[in-house]
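Report on the following structure.
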Amino acid sequence: MLVTMELAEPAPQSILDQDLYKFCMQQAVLEHYPDVVVEYGFINRDPSMRFNQAAFTQLQKDIAHMEHTTATNKDIEYLKHTCPYLSAEYLQFLASYRFNPTVDIACSLDEMGALELKIRGKWTQVILYEIPLLSMISSAYFSHVDTDWNYTGQLEKITAKGSQLVDASCEFAEFGTRRRRDFKTQNMVVCALSQLHCGPGQCTGTSNVYLARKYNMKPVGTVGHEWTMAIAALEGTYENGNSLALRKWHATFKGSLGIALTDTFGTTAFFANFDRQLASLYAGVRHDSGDPFQFIERVHAHYTKIGISPATKTIVFSDGLDPEKAIRVRKYCAKYAVNCSFGIGTNFTNDFLCASDPTKQSKAANIVIKLLKCGDRYCVKLSDVTSKHTGDACEVERAQTSLTRLGLLD
């Protein structure tokens with residue numbers, strides 16, 4: 001294991017301390033929608049999570065520092081050689097990219113400790129804020145509000161989890177940047193995963209580009225819900241939003257990053273769009289909400305129906321996983337002869353016990369930043385779990401009504 005000094009590295013002022021898929025989406029946005037103005041909003045799914053002034057002050061300071069975070073020549077060279085699907089034109093854009101938080105971000109704390117945060121600007125400009133901001137919010141909260149925890153046993157815990165997955169023949173990646181307790185935690189996690197023993201399974205990489213470079217791992221990721229949400233809003237169609245998003249994504253990446261996200265408007269609407277032609281262009285699909293076992297059955301049935309062998313495709317699972325659940329899902333995939341891999345976030349980078357009572361779990365944050373508007377149009381997400389629906393209430397209802405009328409919403 002690396003020496004303590006390396007694991008104690010403070011959060012870097014690096015543009016690469018970011019999930020890979022955000023760079024990929026920024027490239028696609030630059031190509032297809034370079035002038036669209038968007039708005040994002042912070043959503044705290046846990047009303048009991050309140051901030052104090054010290055946490056808010058730290059967050060304000062961290063946000064202000066973003067204006068000094070830029071891509072170095074070393075960063076661009078790394079992306080050029082490690083991520084060949086990122087175009088020369090995009091890397092040139094990224095080299096000159098600058099955060100402008102004083103203009104792009106509005107952040108406030110009310111008298112009850114509820115955090116309000118909005119991001120607004122050109123999509124190409126503001127798309128990179130989400131992941132760093134979620135990391136900063138979590139770090140501020142666990143530094144100044146919930147401090148009843150420590151790092152005791154974290155290296156041993158992640159090593160045991162990784163070893164359990166490797167021994168169970170699971171292929172998995174670390175997806176924990178947006179949900180990490182702080183940078184130090186994720187640094188420890190990726191360090192440990194990079195040194196796992198060889199076995200029938202393996203850790204395939206990390207979504208965090210900075211840590212992928214630091215530990216000589218593969219940066220991994222594809223696309224987020226906002227891509228499909230935005231395109232459906234901009235093009236005025238929930239019925240065909242998935243197919244439009246998939247075709248535009250393929251036009252940009254030509255088959256690279258070929259995992260299709262299925263639950264932006266529910267899986268029924270997705271599979272209605274995912275015809276043989278599209279399914280042939282994509283290496284597989286991602287499950288991010290709903291029952292994973294039913295999803296396996298559904299994926300197997302869909303590929304079979306359109307004349308594609310399910311054994312040639314992969315399901316990536318990324319919804320609330322821990323090692324035990326991943327292992328159960330892998331066994332079920334084997335039953336249906338479907339390939340699978342796993343992206344594990346919160347369970348890797350925010351799994352702590354209370355320092356005052358180690359028999360109790362220290363509650364992880366449940367926070368997201370979601371796309372709210374594109375231009376003057378509202379954006380919505382209709383997850384396979386109703387509690388995860390996001391967007392303007394009237395527009396959510398309109399989308400549900402539209403898809404239900406077409407028989408595309410369960």
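Labeling convention for the structure tokens: chains A, B, ... as they appear, residues from 1 per chain, ligands from 1 in order of appearance.
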
Near-A:Thr57 list (12 Å; only C-alpha atoms; drop same-chain fewer than 3 positions) as number ranges by chain: A: 51-54, 60-64, 107-109, 115, 136-137, 140-141, 143-144

Among stretch 232-386 of chain A, which residues does DSSP mark as strand (DSSP E or B) when it is run on the backbone? Keep the chain and numbering as in the structure and answer as an MDAnalysis selection string. chainID A and resid 259:261 284:287 314:317 339:344 352:353 361:362 367:374 377:378 381

Put those residues in a file: C-alpha atoms, as a short mmCIF file (atom, residue, chain, number, x, y, z; two decimals), in the first residue's frame.
```cif
data_model
loop_
_atom_site.label_atom_id
_atom_site.label_comp_id
_atom_site.auth_asym_id
_atom_site.auth_seq_id
_atom_site.Cartn_x
_atom_site.Cartn_y
_atom_site.Cartn_z
CA ILE A 259 -23.28 1.65 -23.45
CA ALA A 260 -26.84 2.97 -23.71
CA LEU A 261 -28.54 4.42 -20.63
CA GLY A 284 -24.81 -2.95 -24.34
CA VAL A 285 -27.06 -1.11 -21.91
CA ARG A 286 -26.87 0.40 -18.42
CA HIS A 287 -29.25 -0.29 -15.55
CA THR A 314 -23.19 -6.38 -21.83
CA ILE A 315 -25.31 -4.92 -19.07
CA VAL A 316 -23.58 -2.34 -16.86
CA PHE A 317 -25.23 -2.08 -13.44
CA ASN A 339 -22.31 -10.36 -19.92
CA CYS A 340 -22.24 -7.87 -17.07
CA SER A 341 -20.10 -5.35 -15.26
CA PHE A 342 -20.68 -3.05 -12.31
CA GLY A 343 -20.11 0.57 -11.39
CA ILE A 344 -20.04 1.03 -7.63
CA PHE A 352 -18.52 4.82 7.21
CA LEU A 353 -19.42 3.96 10.79
CA GLN A 361 -23.81 3.42 10.16
CA SER A 362 -22.80 7.00 9.41
CA ILE A 367 -27.65 14.60 -3.17
CA VAL A 368 -27.86 15.22 -6.90
CA ILE A 369 -27.58 18.08 -9.36
CA LYS A 370 -30.01 17.73 -12.25
CA LEU A 371 -30.65 19.53 -15.51
CA LEU A 372 -33.80 21.66 -15.10
CA LYS A 373 -34.13 23.63 -18.32
CA CYS A 374 -32.75 23.86 -21.85
CA ARG A 377 -38.02 24.26 -22.04
CA TYR A 378 -38.20 22.16 -18.90
CA LYS A 381 -36.37 12.39 -15.90
#
```

Contacts of stretch 395-400 of chain A at 9 Å or less, counting only C-alpha atoms, minus same-chain residues fewer than 4 places along, as number ranges by chain? A: 238, 265, 378-382, 389-391, 404-405, 409

Those same residues - all heavy atoms - I'd like them written as a compact mmCIF listing (two decimals), in the first residue's frame.
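In the end it all went to out35.txt:
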```txt
# COMPACT_ATOMS: atom_id res chain seq x y z
N TYR A 238 -40.77 13.16 -26.20
CA TYR A 238 -40.43 12.12 -25.24
C TYR A 238 -40.49 10.75 -25.89
O TYR A 238 -39.72 9.85 -25.55
CB TYR A 238 -41.37 12.18 -24.03
CG TYR A 238 -41.20 13.43 -23.21
CD1 TYR A 238 -42.20 14.39 -23.15
CD2 TYR A 238 -40.01 13.67 -22.53
CE1 TYR A 238 -42.04 15.55 -22.42
CE2 TYR A 238 -39.83 14.82 -21.80
CZ TYR A 238 -40.85 15.76 -21.74
OH TYR A 238 -40.66 16.91 -21.02
N PHE A 265 -36.55 7.90 -19.43
CA PHE A 265 -38.01 8.01 -19.48
C PHE A 265 -38.66 6.65 -19.24
O PHE A 265 -39.75 6.37 -19.74
CB PHE A 265 -38.46 8.59 -20.83
CG PHE A 265 -37.82 9.90 -21.16
CD1 PHE A 265 -37.08 10.06 -22.32
CD2 PHE A 265 -37.92 10.98 -20.29
CE1 PHE A 265 -36.46 11.26 -22.61
CE2 PHE A 265 -37.31 12.19 -20.57
CZ PHE A 265 -36.57 12.33 -21.74
N TYR A 378 -38.53 22.96 -20.08
CA TYR A 378 -38.20 22.16 -18.90
C TYR A 378 -37.68 20.78 -19.31
O TYR A 378 -38.11 20.21 -20.32
CB TYR A 378 -39.43 21.98 -18.02
CG TYR A 378 -39.84 23.23 -17.28
CD1 TYR A 378 -40.97 23.94 -17.65
CD2 TYR A 378 -39.08 23.69 -16.21
CE1 TYR A 378 -41.35 25.08 -16.97
CE2 TYR A 378 -39.44 24.84 -15.53
CZ TYR A 378 -40.58 25.53 -15.92
OH TYR A 378 -40.94 26.67 -15.25
N CYS A 379 -36.75 20.26 -18.51
CA CYS A 379 -36.21 18.91 -18.71
C CYS A 379 -36.67 18.01 -17.57
O CYS A 379 -36.69 18.44 -16.42
CB CYS A 379 -34.68 18.94 -18.73
SG CYS A 379 -33.98 19.97 -20.04
N VAL A 380 -37.03 16.78 -17.90
CA VAL A 380 -37.49 15.86 -16.86
C VAL A 380 -36.81 14.51 -17.01
O VAL A 380 -36.31 14.15 -18.07
CB VAL A 380 -39.03 15.66 -16.90
CG1 VAL A 380 -39.75 16.98 -16.75
CG2 VAL A 380 -39.46 14.94 -18.17
N LYS A 381 -36.82 13.78 -15.92
CA LYS A 381 -36.37 12.39 -15.90
C LYS A 381 -37.47 11.55 -15.25
O LYS A 381 -37.96 11.90 -14.18
CB LYS A 381 -35.07 12.27 -15.10
CG LYS A 381 -34.58 10.83 -14.91
CD LYS A 381 -33.43 10.78 -13.91
CE LYS A 381 -33.11 9.35 -13.51
NZ LYS A 381 -32.20 9.29 -12.36
N LEU A 382 -37.85 10.47 -15.93
CA LEU A 382 -38.87 9.56 -15.41
C LEU A 382 -38.20 8.22 -15.12
O LEU A 382 -38.23 7.31 -15.94
CB LEU A 382 -40.02 9.38 -16.42
CG LEU A 382 -40.71 10.66 -16.89
CD1 LEU A 382 -41.80 10.31 -17.90
CD2 LEU A 382 -41.29 11.43 -15.71
N HIS A 389 -37.95 10.50 -9.95
CA HIS A 389 -38.38 11.43 -11.00
C HIS A 389 -37.86 12.83 -10.65
O HIS A 389 -37.88 13.25 -9.49
CB HIS A 389 -39.91 11.49 -11.08
CG HIS A 389 -40.55 10.26 -11.65
ND1 HIS A 389 -39.83 9.16 -12.09
CD2 HIS A 389 -41.87 9.97 -11.88
CE1 HIS A 389 -40.67 8.25 -12.55
NE2 HIS A 389 -41.90 8.70 -12.42
N THR A 390 -37.41 13.56 -11.66
CA THR A 390 -36.95 14.93 -11.42
C THR A 390 -37.50 15.85 -12.50
O THR A 390 -37.78 15.42 -13.62
CB THR A 390 -35.42 15.03 -11.41
OG1 THR A 390 -34.90 14.57 -12.66
CG2 THR A 390 -34.81 14.20 -10.30
N GLY A 391 -37.64 17.12 -12.14
CA GLY A 391 -38.08 18.12 -13.09
C GLY A 391 -39.31 18.86 -12.61
O GLY A 391 -39.89 18.54 -11.57
N THR A 404 -47.75 7.51 -21.41
CA THR A 404 -48.77 6.54 -21.03
C THR A 404 -49.79 6.37 -22.17
O THR A 404 -50.20 5.25 -22.49
CB THR A 404 -49.50 6.97 -19.74
OG1 THR A 404 -48.54 7.07 -18.68
CG2 THR A 404 -50.57 5.98 -19.35
N ARG A 405 -50.16 7.46 -22.77
CA ARG A 405 -51.13 7.42 -23.88
C ARG A 405 -50.58 6.57 -25.04
O ARG A 405 -51.33 5.91 -25.75
CB ARG A 405 -51.44 8.84 -24.36
CG ARG A 405 -52.56 8.90 -25.40
CD ARG A 405 -52.95 10.33 -25.73
NE ARG A 405 -51.84 11.08 -26.32
CZ ARG A 405 -51.24 12.10 -25.72
NH1 ARG A 405 -51.62 12.48 -24.50
NH2 ARG A 405 -50.26 12.74 -26.31
N LEU A 409 -45.12 3.82 -20.99
CA LEU A 409 -44.76 4.01 -19.59
C LEU A 409 -45.50 2.97 -18.75
O LEU A 409 -46.72 2.85 -18.86
CB LEU A 409 -45.13 5.42 -19.13
CG LEU A 409 -44.55 5.88 -17.79
CD1 LEU A 409 -43.04 6.02 -17.87
CD2 LEU A 409 -45.16 7.22 -17.38
```

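Atom pair atom CA of A:Lys313 / atom CA of A:Asn273: separated by 17.2 Å.
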
How many Å separate atom CA of A:Val209 from atom CA of A:Leu16? 5.2 Å

What does the distance between atom CA of A:Tyr282 and atom CA of A:Trp227 come to in Å, to one decimal place?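 About the pair atom CA of A:Tyr282 and atom CA of A:Trp227: they are 16.2 Å apart.
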
Backbone-only DSSP, alpha helix (DSSP H) members of stretch 242-386 of chain A, as a PyMOL selection string: chain A and resi 242-253+267-273+276-281+292-305+323-335+346-349

Using only C-alpha atoms, which protein or nucleic acid residues come within 12 Å of A:Ala168? Drop anything in the same chain fewer than 5 positions from it, and give the result as a list in words. Lys161, Gly162, Ser163, Cys198, Gly199, Pro200, Gly201, Gln202, Cys203, Pro323, Glu324, Lys325, Ala326, Ile327, Arg328, Val329, Arg330 and Lys331 of chain A

Restrict the selected residues to N, CA and C atoms and save them as a PDB file, in the first residue's frame.
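As a result, out.pdb now contains:
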```pdb
ATOM      1  N   LYS A 161     -13.741  -5.559   0.144  1.00  0.00           N
ATOM      2  CA  LYS A 161     -14.817  -5.489  -0.842  1.00  0.00           C
ATOM      3  C   LYS A 161     -14.296  -5.823  -2.241  1.00  0.00           C
ATOM      4  N   GLY A 162     -13.181  -5.218  -2.600  1.00  0.00           N
ATOM      5  CA  GLY A 162     -12.610  -5.480  -3.915  1.00  0.00           C
ATOM      6  C   GLY A 162     -12.235  -6.933  -4.091  1.00  0.00           C
ATOM      7  N   SER A 163     -11.622  -7.514  -3.075  1.00  0.00           N
ATOM      8  CA  SER A 163     -11.221  -8.928  -3.131  1.00  0.00           C
ATOM      9  C   SER A 163     -12.439  -9.838  -3.258  1.00  0.00           C
ATOM     10  N   CYS A 198      -4.731 -10.671  -8.371  1.00  0.00           N
ATOM     11  CA  CYS A 198      -5.306 -11.206  -9.605  1.00  0.00           C
ATOM     12  C   CYS A 198      -6.292 -12.319  -9.261  1.00  0.00           C
ATOM     13  N   GLY A 199      -7.333 -12.434 -10.049  1.00  0.00           N
ATOM     14  CA  GLY A 199      -8.334 -13.468  -9.805  1.00  0.00           C
ATOM     15  C   GLY A 199      -9.256 -13.587 -10.993  1.00  0.00           C
ATOM     16  N   PRO A 200     -10.336 -14.312 -10.859  1.00  0.00           N
ATOM     17  CA  PRO A 200     -11.270 -14.473 -11.985  1.00  0.00           C
ATOM     18  C   PRO A 200     -12.001 -13.189 -12.353  1.00  0.00           C
ATOM     19  N   GLY A 201     -12.149 -12.258 -11.405  1.00  0.00           N
ATOM     20  CA  GLY A 201     -12.723 -10.953 -11.695  1.00  0.00           C
ATOM     21  C   GLY A 201     -11.643  -9.895 -11.703  1.00  0.00           C
ATOM     22  N   GLN A 202     -12.036  -8.638 -11.916  1.00  0.00           N
ATOM     23  CA  GLN A 202     -11.046  -7.565 -11.909  1.00  0.00           C
ATOM     24  C   GLN A 202     -11.716  -6.209 -11.746  1.00  0.00           C
ATOM     25  N   CYS A 203     -10.956  -5.252 -11.222  1.00  0.00           N
ATOM     26  CA  CYS A 203     -11.373  -3.863 -11.218  1.00  0.00           C
ATOM     27  C   CYS A 203     -10.953  -3.266 -12.555  1.00  0.00           C
ATOM     28  N   PRO A 323     -21.061  -5.132  -2.803  1.00  0.00           N
ATOM     29  CA  PRO A 323     -20.522  -6.384  -3.346  1.00  0.00           C
ATOM     30  C   PRO A 323     -21.523  -7.532  -3.330  1.00  0.00           C
ATOM     31  N   GLU A 324     -22.268  -7.677  -2.262  1.00  0.00           N
ATOM     32  CA  GLU A 324     -23.205  -8.800  -2.165  1.00  0.00           C
ATOM     33  C   GLU A 324     -24.262  -8.735  -3.262  1.00  0.00           C
ATOM     34  N   LYS A 325     -24.815  -7.550  -3.482  1.00  0.00           N
ATOM     35  CA  LYS A 325     -25.835  -7.396  -4.514  1.00  0.00           C
ATOM     36  C   LYS A 325     -25.232  -7.622  -5.900  1.00  0.00           C
ATOM     37  N   ALA A 326     -24.040  -7.097  -6.132  1.00  0.00           N
ATOM     38  CA  ALA A 326     -23.389  -7.280  -7.434  1.00  0.00           C
ATOM     39  C   ALA A 326     -23.172  -8.764  -7.722  1.00  0.00           C
ATOM     40  N   ILE A 327     -22.773  -9.496  -6.724  1.00  0.00           N
ATOM     41  CA  ILE A 327     -22.518 -10.932  -6.917  1.00  0.00           C
ATOM     42  C   ILE A 327     -23.816 -11.672  -7.248  1.00  0.00           C
ATOM     43  N   ARG A 328     -24.902 -11.315  -6.568  1.00  0.00           N
ATOM     44  CA  ARG A 328     -26.198 -11.939  -6.880  1.00  0.00           C
ATOM     45  C   ARG A 328     -26.628 -11.607  -8.310  1.00  0.00           C
ATOM     46  N   VAL A 329     -26.423 -10.371  -8.709  1.00  0.00           N
ATOM     47  CA  VAL A 329     -26.800  -9.951 -10.064  1.00  0.00           C
ATOM     48  C   VAL A 329     -25.943 -10.681 -11.104  1.00  0.00           C
ATOM     49  N   ARG A 330     -24.644 -10.818 -10.833  1.00  0.00           N
ATOM     50  CA  ARG A 330     -23.771 -11.519 -11.791  1.00  0.00           C
ATOM     51  C   ARG A 330     -24.238 -12.958 -12.001  1.00  0.00           C
ATOM     52  N   LYS A 331     -24.609 -13.613 -10.925  1.00  0.00           N
ATOM     53  CA  LYS A 331     -25.075 -15.003 -11.037  1.00  0.00           C
ATOM     54  C   LYS A 331     -26.352 -15.087 -11.872  1.00  0.00           C
TER      55      LYS A 331
END
```

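Excluding A:Asp376 and any residue on its chain fewer than 5 positions from it, the residues at most 10 Å away by only C-alpha atoms are Val37, Val38, Glu39, Ala233 and Leu234 of chain A.
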
How would the residues just chosen look if you wrote them out with N, CA, C and O atoms as a short mmCIF file (atom, residue, chain, number, x, y, z; two decimals), in the first residue's frame?
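Everything below was put into again_34.cif:
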```cif
data_model
loop_
_atom_site.label_atom_id
_atom_site.label_comp_id
_atom_site.auth_asym_id
_atom_site.auth_seq_id
_atom_site.Cartn_x
_atom_site.Cartn_y
_atom_site.Cartn_z
N VAL A 37 -28.48 27.36 -23.95
CA VAL A 37 -28.34 27.80 -22.56
C VAL A 37 -29.16 26.88 -21.67
O VAL A 37 -30.31 26.54 -22.00
N VAL A 38 -28.58 26.45 -20.57
CA VAL A 38 -29.25 25.48 -19.69
C VAL A 38 -29.23 25.96 -18.25
O VAL A 38 -28.50 26.89 -17.89
N GLU A 39 -30.03 25.28 -17.44
CA GLU A 39 -30.05 25.55 -16.00
C GLU A 39 -30.07 24.23 -15.24
O GLU A 39 -30.83 23.33 -15.59
N ALA A 233 -36.16 17.45 -24.66
CA ALA A 233 -36.75 18.78 -24.47
C ALA A 233 -36.51 19.67 -25.69
O ALA A 233 -37.43 20.32 -26.20
N LEU A 234 -35.28 19.69 -26.18
CA LEU A 234 -34.93 20.56 -27.30
C LEU A 234 -35.63 20.16 -28.58
O LEU A 234 -36.02 21.01 -29.39
#
```

Within 7 Å of A:Asp263 using only C-alpha atoms, minus same-chain residues under 2 positions, as an mmCIF file with all heavy atoms, in the first residue's frame:
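What ended up in out.cif:
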```cif
data_model
loop_
_atom_site.group_PDB
_atom_site.id
_atom_site.type_symbol
_atom_site.label_atom_id
_atom_site.label_comp_id
_atom_site.auth_asym_id
_atom_site.auth_seq_id
_atom_site.Cartn_x
_atom_site.Cartn_y
_atom_site.Cartn_z
ATOM 1 N N LEU A 261 -27.841 4.219 -21.901
ATOM 2 C CA LEU A 261 -28.544 4.416 -20.634
ATOM 3 C C LEU A 261 -30.051 4.248 -20.870
ATOM 4 O O LEU A 261 -30.615 4.849 -21.785
ATOM 5 C CB LEU A 261 -28.234 5.802 -20.092
ATOM 6 C CG LEU A 261 -28.777 6.189 -18.722
ATOM 7 C CD1 LEU A 261 -28.343 5.204 -17.654
ATOM 8 C CD2 LEU A 261 -28.291 7.601 -18.369
ATOM 9 N N PHE A 265 -36.548 7.904 -19.427
ATOM 10 C CA PHE A 265 -38.013 8.013 -19.480
ATOM 11 C C PHE A 265 -38.660 6.649 -19.245
ATOM 12 O O PHE A 265 -39.749 6.365 -19.743
ATOM 13 C CB PHE A 265 -38.459 8.592 -20.827
ATOM 14 C CG PHE A 265 -37.819 9.898 -21.156
ATOM 15 C CD1 PHE A 265 -37.076 10.060 -22.317
ATOM 16 C CD2 PHE A 265 -37.916 10.980 -20.290
ATOM 17 C CE1 PHE A 265 -36.461 11.261 -22.608
ATOM 18 C CE2 PHE A 265 -37.306 12.194 -20.572
ATOM 19 C CZ PHE A 265 -36.571 12.333 -21.739
ATOM 20 N N GLY A 266 -37.986 5.807 -18.480
ATOM 21 C CA GLY A 266 -38.482 4.468 -18.207
ATOM 22 C C GLY A 266 -38.027 3.488 -19.271
ATOM 23 O O GLY A 266 -37.848 3.842 -20.442
ATOM 24 N N THR A 267 -37.840 2.236 -18.883
ATOM 25 C CA THR A 267 -37.281 1.257 -19.813
ATOM 26 C C THR A 267 -38.242 0.871 -20.936
ATOM 27 O O THR A 267 -37.803 0.471 -22.010
ATOM 28 C CB THR A 267 -36.821 -0.015 -19.076
ATOM 29 O OG1 THR A 267 -37.893 -0.496 -18.254
ATOM 30 C CG2 THR A 267 -35.618 0.256 -18.200
ATOM 31 N N ASP A 288 -29.862 1.636 -14.158
ATOM 32 C CA ASP A 288 -29.590 2.624 -13.115
ATOM 33 C C ASP A 288 -30.778 2.852 -12.184
ATOM 34 O O ASP A 288 -30.722 3.721 -11.325
ATOM 35 C CB ASP A 288 -29.159 3.952 -13.758
ATOM 36 C CG ASP A 288 -28.427 4.855 -12.784
ATOM 37 O OD1 ASP A 288 -27.481 4.373 -12.114
ATOM 38 O OD2 ASP A 288 -28.796 6.038 -12.676
ATOM 39 N N SER A 289 -31.851 2.086 -12.369
ATOM 40 C CA SER A 289 -32.972 2.152 -11.430
ATOM 41 C C SER A 289 -33.894 0.967 -11.678
ATOM 42 O O SER A 289 -33.886 0.365 -12.745
ATOM 43 C CB SER A 289 -33.757 3.470 -11.580
ATOM 44 O OG SER A 289 -34.369 3.560 -12.854
ATOM 45 N N SER A 383 -37.587 8.135 -13.973
ATOM 46 C CA SER A 383 -36.855 6.940 -13.576
ATOM 47 C C SER A 383 -37.792 5.745 -13.450
ATOM 48 O O SER A 383 -39.017 5.878 -13.370
ATOM 49 C CB SER A 383 -36.159 7.201 -12.237
ATOM 50 O OG SER A 383 -35.654 6.027 -11.676
ATOM 51 N N ASP A 384 -37.214 4.543 -13.407
ATOM 52 C CA ASP A 384 -38.000 3.345 -13.131
ATOM 53 C C ASP A 384 -38.379 3.250 -11.656
ATOM 54 O O ASP A 384 -39.064 2.313 -11.254
ATOM 55 C CB ASP A 384 -37.231 2.095 -13.565
ATOM 56 C CG ASP A 384 -37.244 1.919 -15.077
ATOM 57 O OD1 ASP A 384 -38.270 2.246 -15.707
ATOM 58 O OD2 ASP A 384 -36.234 1.454 -15.644
#
```
